[in-house]
Every structure is written in structure tokens, then in C-alpha cells.
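**Student:** One file: upload_29.pdb (PDB, C-alpha atoms, pLDDT in the B column).
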```
MODEL        1
ATOM      1  CA  MET A   1     -49.177  18.605  39.680  1.00 44.00           C
ATOM      2  CA  LYS A   2     -50.816  19.069  36.281  1.00 40.00           C
ATOM      3  CA  LYS A   3     -47.524  18.240  34.536  1.00 41.00           C
ATOM      4  CA  LEU A   4     -47.103  15.088  36.634  1.00 37.00           C
ATOM      5  CA  LEU A   5     -50.639  13.984  35.788  1.00 37.00           C
ATOM      6  CA  THR A   6     -49.946  14.464  32.072  1.00 39.00           C
ATOM      7  CA  VAL A   7     -46.787  12.345  32.315  1.00 40.00           C
ATOM      8  CA  LEU A   8     -48.617   9.587  34.207  1.00 40.00           C
ATOM      9  CA  LEU A   9     -51.441   9.529  31.666  1.00 40.00           C
ATOM     10  CA  SER A  10     -48.898   9.304  28.822  1.00 43.00           C
ATOM     11  CA  VAL A  11     -47.125   6.377  30.497  1.00 45.00           C
ATOM     12  CA  PHE A  12     -50.460   4.623  31.066  1.00 43.00           C
ATOM     13  CA  ALA A  13     -51.456   5.130  27.432  1.00 44.00           C
ATOM     14  CA  LEU A  14     -48.182   3.675  26.171  1.00 47.00           C
ATOM     15  CA  GLN A  15     -48.489   0.646  28.454  1.00 51.00           C
ATOM     16  CA  CYS A  16     -52.005  -0.060  27.176  1.00 61.00           C
ATOM     17  CA  SER A  17     -51.143   0.381  23.515  1.00 75.00           C
ATOM     18  CA  SER A  18     -50.625  -2.347  20.930  1.00 85.00           C
ATOM     19  CA  PHE A  19     -48.229  -2.516  17.978  1.00 85.00           C
ATOM     20  CA  GLU A  20     -48.382  -5.085  15.197  1.00 89.00           C
ATOM     21  CA  SER A  21     -46.326  -5.332  12.020  1.00 87.00           C
ATOM     22  CA  HIS A  22     -45.715  -7.706   9.118  1.00 88.00           C
ATOM     23  CA  PHE A  23     -42.935  -7.562   6.514  1.00 88.00           C
ATOM     24  CA  ARG A  24     -42.144  -9.212   3.180  1.00 84.00           C
ATOM     25  CA  LEU A  25     -38.851  -7.621   2.221  1.00 71.00           C
ATOM     26  CA  GLN A  26     -38.503  -8.885  -1.333  1.00 63.00           C
ATOM     27  CA  GLY A  27     -36.671  -6.440  -3.549  1.00 61.00           C
ATOM     28  CA  VAL A  28     -34.597  -4.944  -0.717  1.00 74.00           C
ATOM     29  CA  ALA A  29     -31.225  -6.635  -1.050  1.00 74.00           C
ATOM     30  CA  LYS A  30     -29.100  -4.007   0.689  1.00 82.00           C
ATOM     31  CA  LYS A  31     -29.354  -1.235   3.244  1.00 84.00           C
ATOM     32  CA  PRO A  32     -31.580   1.540   1.839  1.00 87.00           C
ATOM     33  CA  SER A  33     -29.737   4.710   0.875  1.00 85.00           C
ATOM     34  CA  THR A  34     -32.824   6.922   1.035  1.00 92.00           C
ATOM     35  CA  ILE A  35     -36.218   6.509   2.691  1.00 95.00           C
ATOM     36  CA  LEU A  36     -39.092   8.675   1.449  1.00 95.00           C
ATOM     37  CA  ILE A  37     -41.844   9.584   3.919  1.00 95.00           C
ATOM     38  CA  GLY A  38     -44.999  10.377   1.999  1.00 92.00           C
ATOM     39  CA  TYR A  39     -48.408  11.734   2.863  1.00 88.00           C
ATOM     40  CA  PHE A  40     -50.223  10.762   6.076  1.00 91.00           C
ATOM     41  CA  GLU A  41     -53.968  10.981   5.725  1.00 88.00           C
ATOM     42  CA  ARG A  42     -55.757  12.488   8.740  1.00 85.00           C
ATOM     43  CA  ARG A  43     -59.026  10.867   9.776  1.00 82.00           C
ATOM     44  CA  SER A  44     -60.401  12.878  12.650  1.00 77.00           C
ATOM     45  CA  LEU A  45     -63.152  15.383  13.438  1.00 69.00           C
ATOM     46  CA  LYS A  46     -60.705  17.336  15.604  1.00 72.00           C
ATOM     47  CA  TYR A  47     -58.961  20.290  14.008  1.00 69.00           C
ATOM     48  CA  ASN A  48     -55.234  20.056  14.559  1.00 74.00           C
ATOM     49  CA  PRO A  49     -53.335  20.583  11.287  1.00 73.00           C
ATOM     50  CA  TYR A  50     -49.966  19.795  12.852  1.00 82.00           C
ATOM     51  CA  ILE A  51     -50.506  16.194  13.972  1.00 87.00           C
ATOM     52  CA  GLU A  52     -49.509  14.547  10.701  1.00 87.00           C
ATOM     53  CA  LYS A  53     -46.746  17.092  10.019  1.00 88.00           C
ATOM     54  CA  ASN A  54     -45.203  16.510  13.454  1.00 90.00           C
ATOM     55  CA  PHE A  55     -45.516  12.738  13.099  1.00 93.00           C
ATOM     56  CA  ARG A  56     -43.792  12.765   9.709  1.00 93.00           C
ATOM     57  CA  ASP A  57     -41.027  14.998  11.071  1.00 93.00           C
ATOM     58  CA  THR A  58     -40.549  12.609  13.990  1.00 94.00           C
ATOM     59  CA  LEU A  59     -40.275   9.618  11.645  1.00 96.00           C
ATOM     60  CA  ARG A  60     -37.754  11.481   9.487  1.00 95.00           C
ATOM     61  CA  PHE A  61     -35.609  12.356  12.507  1.00 95.00           C
ATOM     62  CA  ASP A  62     -35.684   8.816  13.911  1.00 96.00           C
ATOM     63  CA  PHE A  63     -34.632   7.302  10.576  1.00 95.00           C
ATOM     64  CA  PHE A  64     -31.903   9.945  10.234  1.00 94.00           C
ATOM     65  CA  SER A  65     -30.604   9.158  13.726  1.00 94.00           C
ATOM     66  CA  LEU A  66     -30.110   5.536  12.632  1.00 93.00           C
ATOM     67  CA  GLY A  67     -28.008   6.531   9.653  1.00 92.00           C
ATOM     68  CA  TYR A  68     -30.588   6.702   6.873  1.00 93.00           C
ATOM     69  CA  LYS A  69     -31.090   9.609   4.516  1.00 93.00           C
ATOM     70  CA  SER A  70     -34.783  10.386   4.906  1.00 93.00           C
ATOM     71  CA  GLU A  71     -36.896  12.918   3.018  1.00 92.00           C
ATOM     72  CA  LEU A  72     -40.443  14.208   3.371  1.00 92.00           C
ATOM     73  CA  VAL A  73     -42.092  14.058  -0.034  1.00 88.00           C
ATOM     74  CA  VAL A  74     -45.563  14.996  -1.307  1.00 77.00           C
ATOM     75  CA  MET A  75     -47.321  15.437  -4.635  1.00 68.00           C
ATOM     76  CA  ASP A  76     -48.344  18.857  -5.921  1.00 62.00           C
ATOM     77  CA  ASP A  77     -51.285  19.787  -8.168  1.00 53.00           C
ATOM     78  CA  GLU A  78     -49.386  18.729 -11.271  1.00 51.00           C
ATOM     79  CA  ASP A  79     -48.814  15.191  -9.949  1.00 56.00           C
ATOM     80  CA  THR A  80     -45.160  16.135  -9.473  1.00 61.00           C
ATOM     81  CA  PHE A  81     -43.289  15.019  -6.371  1.00 65.00           C
ATOM     82  CA  GLN A  82     -41.673  17.647  -4.180  1.00 67.00           C
ATOM     83  CA  VAL A  83     -39.391  17.363  -1.161  1.00 71.00           C
ATOM     84  CA  ILE A  84     -40.517  19.617   1.683  1.00 66.00           C
ATOM     85  CA  LYS A  85     -38.674  20.862   4.722  1.00 57.00           C
ATOM     86  CA  PRO A  86     -39.668  19.688   8.226  1.00 54.00           C
ATOM     87  CA  GLU A  87     -42.192  22.001   9.873  1.00 52.00           C
ATOM     88  CA  ARG A  88     -42.298  20.659  13.410  1.00 48.00           C
ATOM     89  CA  LYS A  89     -44.012  22.948  15.929  1.00 48.00           C
ATOM     90  CA  LYS A  90     -44.300  22.143  19.589  1.00 46.00           C
ATOM     91  CA  SER A  91     -46.180  24.903  21.394  1.00 44.00           C
ATOM     92  CA  PRO A  92     -49.596  26.489  20.659  1.00 41.00           C
ATOM     93  CA  GLU A  93     -47.829  29.846  20.404  1.00 41.00           C
ATOM     94  CA  GLU A  94     -45.536  28.505  17.673  1.00 42.00           C
ATOM     95  CA  ASN A  95     -48.426  26.850  15.910  1.00 41.00           C
ATOM     96  CA  SER A  96     -50.556  30.005  15.830  1.00 37.00           C
ATOM     97  CA  ALA A  97     -47.628  32.004  14.488  1.00 37.00           C
ATOM     98  CA  PHE A  98     -46.702  29.444  11.819  1.00 36.00           C
ATOM     99  CA  ASP A  99     -47.103  30.684   8.247  1.00 41.00           C
ATOM    100  CA  SER A 100     -48.105  27.560   6.356  1.00 42.00           C
ATOM    101  CA  ASP A 101     -48.664  29.150   2.931  1.00 42.00           C
ATOM    102  CA  SER A 102     -45.581  27.560   1.382  1.00 40.00           C
ATOM    103  CA  TYR A 103     -46.509  24.130   2.753  1.00 39.00           C
ATOM    104  CA  ASN A 104     -50.140  24.396   1.665  1.00 40.00           C
ATOM    105  CA  THR A 105     -49.090  25.430  -1.849  1.00 36.00           C
ATOM    106  CA  ILE A 106     -47.452  22.027  -2.240  1.00 39.00           C
ATOM    107  CA  VAL A 107     -50.012  19.843  -0.497  1.00 42.00           C
ATOM    108  CA  LYS A 108     -53.295  21.559  -1.384  1.00 40.00           C
ATOM    109  CA  LYS A 109     -54.122  18.631  -3.650  1.00 44.00           C
ATOM    110  CA  GLN A 110     -53.976  16.397  -0.587  1.00 44.00           C
ATOM    111  CA  SER A 111     -56.094  18.622   1.656  1.00 45.00           C
ATOM    112  CA  GLY A 112     -59.327  17.767  -0.114  1.00 46.00           C
ATOM    113  CA  SER A 113     -60.330  14.430  -1.595  1.00 47.00           C
ATOM    114  CA  PHE A 114     -56.780  13.049  -1.775  1.00 53.00           C
ATOM    115  CA  SER A 115     -56.331   9.642  -0.172  1.00 64.00           C
ATOM    116  CA  ILE A 116     -53.305   7.472   0.371  1.00 69.00           C
ATOM    117  CA  HIS A 117     -55.064   5.013  -1.932  1.00 70.00           C
ATOM    118  CA  ASP A 118     -54.478   7.491  -4.786  1.00 74.00           C
ATOM    119  CA  MET A 119     -50.781   6.612  -4.569  1.00 82.00           C
ATOM    120  CA  THR A 120     -50.573   3.853  -7.153  1.00 87.00           C
ATOM    121  CA  LYS A 121     -47.724   1.411  -7.585  1.00 90.00           C
ATOM    122  CA  GLU A 122     -46.520   3.470 -10.553  1.00 92.00           C
ATOM    123  CA  LYS A 123     -46.525   6.741  -8.606  1.00 90.00           C
ATOM    124  CA  VAL A 124     -44.566   5.224  -5.728  1.00 92.00           C
ATOM    125  CA  ALA A 125     -42.006   3.851  -8.184  1.00 93.00           C
ATOM    126  CA  GLU A 126     -41.816   7.263  -9.848  1.00 91.00           C
ATOM    127  CA  ALA A 127     -41.063   8.987  -6.524  1.00 91.00           C
ATOM    128  CA  CYS A 128     -38.363   6.453  -5.668  1.00 92.00           C
ATOM    129  CA  LYS A 129     -36.759   6.842  -9.088  1.00 92.00           C
ATOM    130  CA  LYS A 130     -36.778  10.650  -8.880  1.00 91.00           C
ATOM    131  CA  TYR A 131     -35.009  10.726  -5.508  1.00 91.00           C
ATOM    132  CA  SER A 132     -32.956   7.514  -5.871  1.00 92.00           C
ATOM    133  CA  ALA A 133     -34.817   6.009  -2.920  1.00 93.00           C
ATOM    134  CA  ASP A 134     -35.137   2.364  -1.940  1.00 92.00           C
ATOM    135  CA  ILE A 135     -38.079   2.677   0.439  1.00 93.00           C
ATOM    136  CA  TYR A 136     -41.287   4.726   0.370  1.00 95.00           C
ATOM    137  CA  LEU A 137     -43.853   4.827   3.163  1.00 94.00           C
ATOM    138  CA  HIS A 138     -47.122   6.564   3.874  1.00 94.00           C
ATOM    139  CA  GLY A 139     -50.110   5.997   6.095  1.00 93.00           C
ATOM    140  CA  ALA A 140     -53.156   7.210   7.950  1.00 92.00           C
ATOM    141  CA  ILE A 141     -53.736   8.640  11.431  1.00 91.00           C
ATOM    142  CA  SER A 142     -57.190   8.118  12.927  1.00 88.00           C
ATOM    143  CA  GLU A 143     -58.390   9.700  16.162  1.00 84.00           C
ATOM    144  CA  ILE A 144     -61.713   8.570  17.564  1.00 80.00           C
ATOM    145  CA  GLU A 145     -63.527  10.410  20.339  1.00 76.00           C
ATOM    146  CA  THR A 146     -66.316   8.781  22.324  1.00 73.00           C
ATOM    147  CA  GLY A 147     -68.528   9.981  25.170  1.00 68.00           C
ATOM    148  CA  ASN A 148     -70.006  13.418  25.594  1.00 69.00           C
ATOM    149  CA  PHE A 149     -68.758  16.961  26.051  1.00 65.00           C
ATOM    150  CA  ILE A 150     -68.255  16.500  29.800  1.00 71.00           C
ATOM    151  CA  ASP A 151     -66.748  13.013  29.773  1.00 72.00           C
ATOM    152  CA  SER A 152     -64.988  12.224  26.484  1.00 71.00           C
ATOM    153  CA  LYS A 153     -62.277   9.707  25.655  1.00 77.00           C
ATOM    154  CA  SER A 154     -59.872   9.641  22.729  1.00 77.00           C
ATOM    155  CA  SER A 155     -58.186   6.705  21.033  1.00 82.00           C
ATOM    156  CA  THR A 156     -55.657   6.588  18.214  1.00 87.00           C
ATOM    157  CA  PHE A 157     -55.163   4.175  15.324  1.00 89.00           C
ATOM    158  CA  ILE A 158     -52.162   4.571  12.990  1.00 92.00           C
ATOM    159  CA  ASN A 159     -51.586   2.511   9.873  1.00 93.00           C
ATOM    160  CA  VAL A 160     -48.270   2.687   7.974  1.00 94.00           C
ATOM    161  CA  ILE A 161     -47.625   0.997   4.607  1.00 94.00           C
ATOM    162  CA  ILE A 162     -44.068   0.415   3.344  1.00 94.00           C
ATOM    163  CA  PHE A 163     -43.106   0.012  -0.343  1.00 94.00           C
ATOM    164  CA  ASN A 164     -39.930  -0.950  -2.191  1.00 92.00           C
ATOM    165  CA  ASN A 165     -38.656   1.155  -5.092  1.00 92.00           C
ATOM    166  CA  ARG A 166     -40.817  -0.790  -7.556  1.00 92.00           C
ATOM    167  CA  GLY A 167     -43.965   0.294  -5.758  1.00 93.00           C
ATOM    168  CA  GLU A 168     -44.604  -3.118  -4.205  1.00 92.00           C
ATOM    169  CA  ILE A 169     -45.901  -3.351  -0.644  1.00 92.00           C
ATOM    170  CA  ILE A 170     -43.243  -4.959   1.547  1.00 92.00           C
ATOM    171  CA  GLY A 171     -44.569  -4.178   5.010  1.00 92.00           C
ATOM    172  CA  GLU A 172     -47.387  -2.795   7.082  1.00 93.00           C
ATOM    173  CA  ALA A 173     -47.636  -1.682  10.702  1.00 92.00           C
ATOM    174  CA  GLN A 174     -50.601  -0.826  12.897  1.00 92.00           C
ATOM    175  CA  TYR A 175     -50.612   0.971  16.215  1.00 91.00           C
ATOM    176  CA  ARG A 176     -53.521   1.369  18.625  1.00 88.00           C
ATOM    177  CA  ALA A 177     -53.514   3.456  21.793  1.00 82.00           C
ATOM    178  CA  PRO A 178     -56.243   4.535  24.261  1.00 79.00           C
ATOM    179  CA  SER A 179     -55.225   8.195  23.995  1.00 75.00           C
ATOM    180  CA  GLY A 180     -54.770  11.005  21.494  1.00 76.00           C
ATOM    181  CA  ILE A 181     -51.556  11.407  19.553  1.00 79.00           C
ATOM    182  CA  ALA A 182     -51.235  15.139  20.235  1.00 75.00           C
ATOM    183  CA  ASP A 183     -49.115  14.389  23.308  1.00 77.00           C
ATOM    184  CA  ASP A 184     -45.437  14.624  22.295  1.00 80.00           C
ATOM    185  CA  LYS A 185     -44.359  11.638  24.388  1.00 83.00           C
ATOM    186  CA  VAL A 186     -47.007   9.385  22.861  1.00 82.00           C
ATOM    187  CA  MET A 187     -46.112  10.536  19.346  1.00 87.00           C
ATOM    188  CA  GLN A 188     -42.385  10.036  19.881  1.00 89.00           C
ATOM    189  CA  SER A 189     -42.930   6.567  21.314  1.00 87.00           C
ATOM    190  CA  ILE A 190     -45.117   5.483  18.385  1.00 89.00           C
ATOM    191  CA  ALA A 191     -42.673   6.792  15.790  1.00 92.00           C
ATOM    192  CA  LEU A 192     -39.648   5.269  17.514  1.00 93.00           C
ATOM    193  CA  GLN A 193     -41.283   1.838  17.835  1.00 91.00           C
ATOM    194  CA  PHE A 194     -42.132   1.853  14.154  1.00 92.00           C
ATOM    195  CA  VAL A 195     -38.702   3.067  12.989  1.00 94.00           C
ATOM    196  CA  ASN A 196     -36.879   0.552  15.199  1.00 93.00           C
ATOM    197  CA  LYS A 197     -39.059  -2.251  13.860  1.00 90.00           C
ATOM    198  CA  VAL A 198     -38.345  -1.301  10.236  1.00 90.00           C
ATOM    199  CA  HIS A 199     -34.642  -0.843  10.990  1.00 91.00           C
ATOM    200  CA  GLY A 200     -34.507  -4.305  12.550  1.00 88.00           C
ATOM    201  CA  LYS A 201     -35.989  -5.888   9.417  1.00 86.00           C
ATOM    202  CA  LEU A 202     -33.933  -4.084   6.765  1.00 86.00           C
ATOM    203  CA  PRO A 203     -30.505  -5.271   5.572  1.00 83.00           C
ATOM    204  CA  ARG A 204     -27.650  -3.542   7.433  1.00 76.00           C
ATOM    205  CA  TYR A 205     -25.174  -3.522   4.532  1.00 77.00           C
TER     206      TYR A 205
ENDMDL
END
```
Show me, as C-alpha cells, the structure contained in the file I just sent.
**Tutor:**
Amino acid sequence: MKKLLTVLLSVFALQCSSFESHFRLQGVAKKPSTILIGYFERRSLKYNPYIEKNFRDTLRFDFFSLGYKSELVVMDDEDTFQVIKPERKKSPEENSAFDSDSYNTIVKKQSGSFSIHDMTKEKVAEACKKYSADIYLHGAISEIETGNFIDSKSSTFINVIIFNNRGEIIGEAQYRAPSGIADDKVMQSIALQFVNKVHGKLPRY
């Protein structure tokens, strides 16, 4: 019964969500060979260190399933870009057992005052040049909780910014949903909608 209720709530959340995107695809004359998925800033008072990691992994998989080479990339303390391996975890047991030392070594610069706004046009272009990429994207995940301890409600706002390999913004997408993103079905739906929208706008050849 509890599982059925969770599914119904997920379906309701997806039906009540909104997705908006705008693209200006100058500088993308052919199908991208590589898409870089950068840092996603977390804006939430809830402690769940795996939300942005799982969302990035989901984006990477969805792009890969459509035939793109996609990489997760972050900046280390020396302002050097590094490709990291997917670290998707599904269950609380897996999450509690996950040794994140290697991941945190790379992204510790981004765990403090780092913001997606620190990624300048030049830095985006540098990342694309280093990995021979045509597209770079990053964004922010916001979770807002209202109400009190007994009766609380969560909502999610996700903003994704897309760049060409010169560091110019060529697209932006925003997603709003009356639920948290921790639910796998909600997360997968958001990522898939975004990836399909980008795929539909990019050149196929």
C-alpha cells in the first residue's frame, strides 16, 4: 500500500510540474561529439549529498542512450578540470556505505563558496577544448520546504544552462515541480524531459 501511494504521489507531481526552455543554437553546426556535464549547485537546507550526483549521472546516461559521448566534469582546487566516474547510489544502505573521499578530493572547491556563476565563459571554453567537447552544461537544484514539522510540503526548481564550445550561452531550461527530487521516478522524468528537449534542438548530423 505504501509503495502504491508513493507511485501515485510521483505521478501526481509529474502531472503538476512545468517545464520551460529556450535555445539559441548559434555555433553548433553539427551533431555534438561530446557533451560535458558540469557542476550542479545545491540550494537546499536538507542534507542529501547524493541528489546532484544522481541527477548528473541520470543526465549522462540519458545523453549516452541517444548516442552522445557524455562526461561528468568538475574543477579541482587548482582550477584544473577533471572527468569523474558516475557515483549513482539508489538505496540508503548503499549511500551510507559509499566512500566519497575520492569524489570529495576533486570537488572540495565546489563544496564551499563555489557557485555556477564562477564558471566564466573562458573556463567553459577551456573545458570544452581540453575534452574536445561541443556542448557544456551546468545548473542549480533548489528544494524549498514550507509548513511545519507535522505538515510540510516540498517543491523543486531546477535551472540548467547550456553553452557551446566557445563558452557562449545557447540555451536554458527551467523545471518546477510540487515535490522533492529525491524520488527516483521524479528525477528520471525531469532528466529525460530535458535531454529529449536538447536532443530535439541539436543538429542530427
**Student:** Find the distance between atom CA of A:Asn164 and atom CA of A:Lys31 and write it in Å to one decimal.
**Tutor:**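 That distance, rounded to one decimal, is 11.9 Å.
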**Student:** As a check of understanding, name the residues that the PyMOL selection byres ((chain A and resi 119-126) around 8) selects in the supplied structure, as number ranges by chain.
**Tutor:** A: 115-118, 127-130, 136, 163-168
**Student:** Could you tell me how far atom CA of A:Ile150 sits from atom CA of A:Asp183, in Å to one decimal place?
**Tutor:**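 Atom CA of A:Ile150 lies 20.3 Å from atom CA of A:Asp183.
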**Student:** Skipping near chain neighbours, those fewer than 6 positions away, what residues fall within 6 Å of A:Ala173 using all atoms listed in the file, listed as a list of chain:residue names?
**Tutor:**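 The contact residues come out as A:Glu20, A:Ser21, A:Asn159, A:Val160.
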**Student:** Print the selection's residues with C-alpha atoms to a file, as a CSV table (one decimal), in the coordinates of the input.
**Tutor:**
```
chain,number,residue,atom,x,y,z
A,20,GLU,CA,-48.4,-5.1,15.2
A,21,SER,CA,-46.3,-5.3,12.0
A,159,ASN,CA,-51.6,2.5,9.9
A,160,VAL,CA,-48.3,2.7,8.0
```
**Student:** Which is closest to A:Ser155 among A:Leu137, A:Val83, A:Val186, A:Ile170, if we use only C-alpha atoms?
**Tutor:** A:Val186
**Student:** Identify, on the basis of only C-alpha atoms, every residue whose closest approach to A:Leu192 does not exceed 9 Å; exclude the query and any residue fewer than 6 positions from it along the same chain; express the result as a PyMOL selection string.
**Tutor:** chain A and resi 58-59+62-63
**Student:** Between atom CA of A:Thr156 and atom CA of A:Arg24, what is the distance, to one decimal in Å?
**Tutor:** 25.7 Å
**Student:** Rank nothing, just name the residue among A:Asn54, A:Ser17, A:Ala29, A:Glu145 nearest to A:Ala177, using only C-alpha atoms.
**Tutor:** A:Ser17
**Student:** Find the residue from A:Phe55, A:Ile169, A:Phe23, A:Phe157 that sits nearest to A:Val198; use all atoms listed in the file when measuring.
**Tutor:**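 Checking each candidate against A:Val198, we get A:Phe23 as the closest.
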**Student:** For the structure shown, which residues end up in the PyMOL selection byres ((chain A and resi 181) around 10)? Put them as a ChimeraX atom specification, please?
**Tutor:** /A:10,51-52,55,141-143,154-158,177-180,182-188,190
**Student:** Enumerate, as an MDAnalysis selection string, the residues matched when the PyMOL selection byres ((chain A and resi 35) around 10) is run on the file above.
**Tutor:** chainID A and resid 32:34 36:38 60 63:64 68:73 128 131:137 162:165
**Student:** Okay, now the selection with C-alpha atoms, as a PDB file, in the frame of the given file?
**Tutor:**
```pdb
ATOM      1  CA  PRO A  32     -31.580   1.540   1.839  1.00 87.00           C
ATOM      2  CA  SER A  33     -29.737   4.710   0.875  1.00 85.00           C
ATOM      3  CA  THR A  34     -32.824   6.922   1.035  1.00 92.00           C
ATOM      4  CA  LEU A  36     -39.092   8.675   1.449  1.00 95.00           C
ATOM      5  CA  ILE A  37     -41.844   9.584   3.919  1.00 95.00           C
ATOM      6  CA  GLY A  38     -44.999  10.377   1.999  1.00 92.00           C
ATOM      7  CA  ARG A  60     -37.754  11.481   9.487  1.00 95.00           C
ATOM      8  CA  PHE A  63     -34.632   7.302  10.576  1.00 95.00           C
ATOM      9  CA  PHE A  64     -31.903   9.945  10.234  1.00 94.00           C
ATOM     10  CA  TYR A  68     -30.588   6.702   6.873  1.00 93.00           C
ATOM     11  CA  LYS A  69     -31.090   9.609   4.516  1.00 93.00           C
ATOM     12  CA  SER A  70     -34.783  10.386   4.906  1.00 93.00           C
ATOM     13  CA  GLU A  71     -36.896  12.918   3.018  1.00 92.00           C
ATOM     14  CA  LEU A  72     -40.443  14.208   3.371  1.00 92.00           C
ATOM     15  CA  VAL A  73     -42.092  14.058  -0.034  1.00 88.00           C
ATOM     16  CA  CYS A 128     -38.363   6.453  -5.668  1.00 92.00           C
ATOM     17  CA  TYR A 131     -35.009  10.726  -5.508  1.00 91.00           C
ATOM     18  CA  SER A 132     -32.956   7.514  -5.871  1.00 92.00           C
ATOM     19  CA  ALA A 133     -34.817   6.009  -2.920  1.00 93.00           C
ATOM     20  CA  ASP A 134     -35.137   2.364  -1.940  1.00 92.00           C
ATOM     21  CA  ILE A 135     -38.079   2.677   0.439  1.00 93.00           C
ATOM     22  CA  TYR A 136     -41.287   4.726   0.370  1.00 95.00           C
ATOM     23  CA  LEU A 137     -43.853   4.827   3.163  1.00 94.00           C
ATOM     24  CA  ILE A 162     -44.068   0.415   3.344  1.00 94.00           C
ATOM     25  CA  PHE A 163     -43.106   0.012  -0.343  1.00 94.00           C
ATOM     26  CA  ASN A 164     -39.930  -0.950  -2.191  1.00 92.00           C
ATOM     27  CA  ASN A 165     -38.656   1.155  -5.092  1.00 92.00           C
TER      28      ASN A 165
END
```
**Student:** Using only C-alpha atoms, can you tell me which of A:Thr146, A:Leu202, A:Ile161, A:Gly67 comes closest to A:Glu41?
**Tutor:**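 Of A:Thr146, A:Leu202, A:Ile161, A:Gly67, the one nearest A:Glu41 is A:Ile161, counting only C-alpha atoms.
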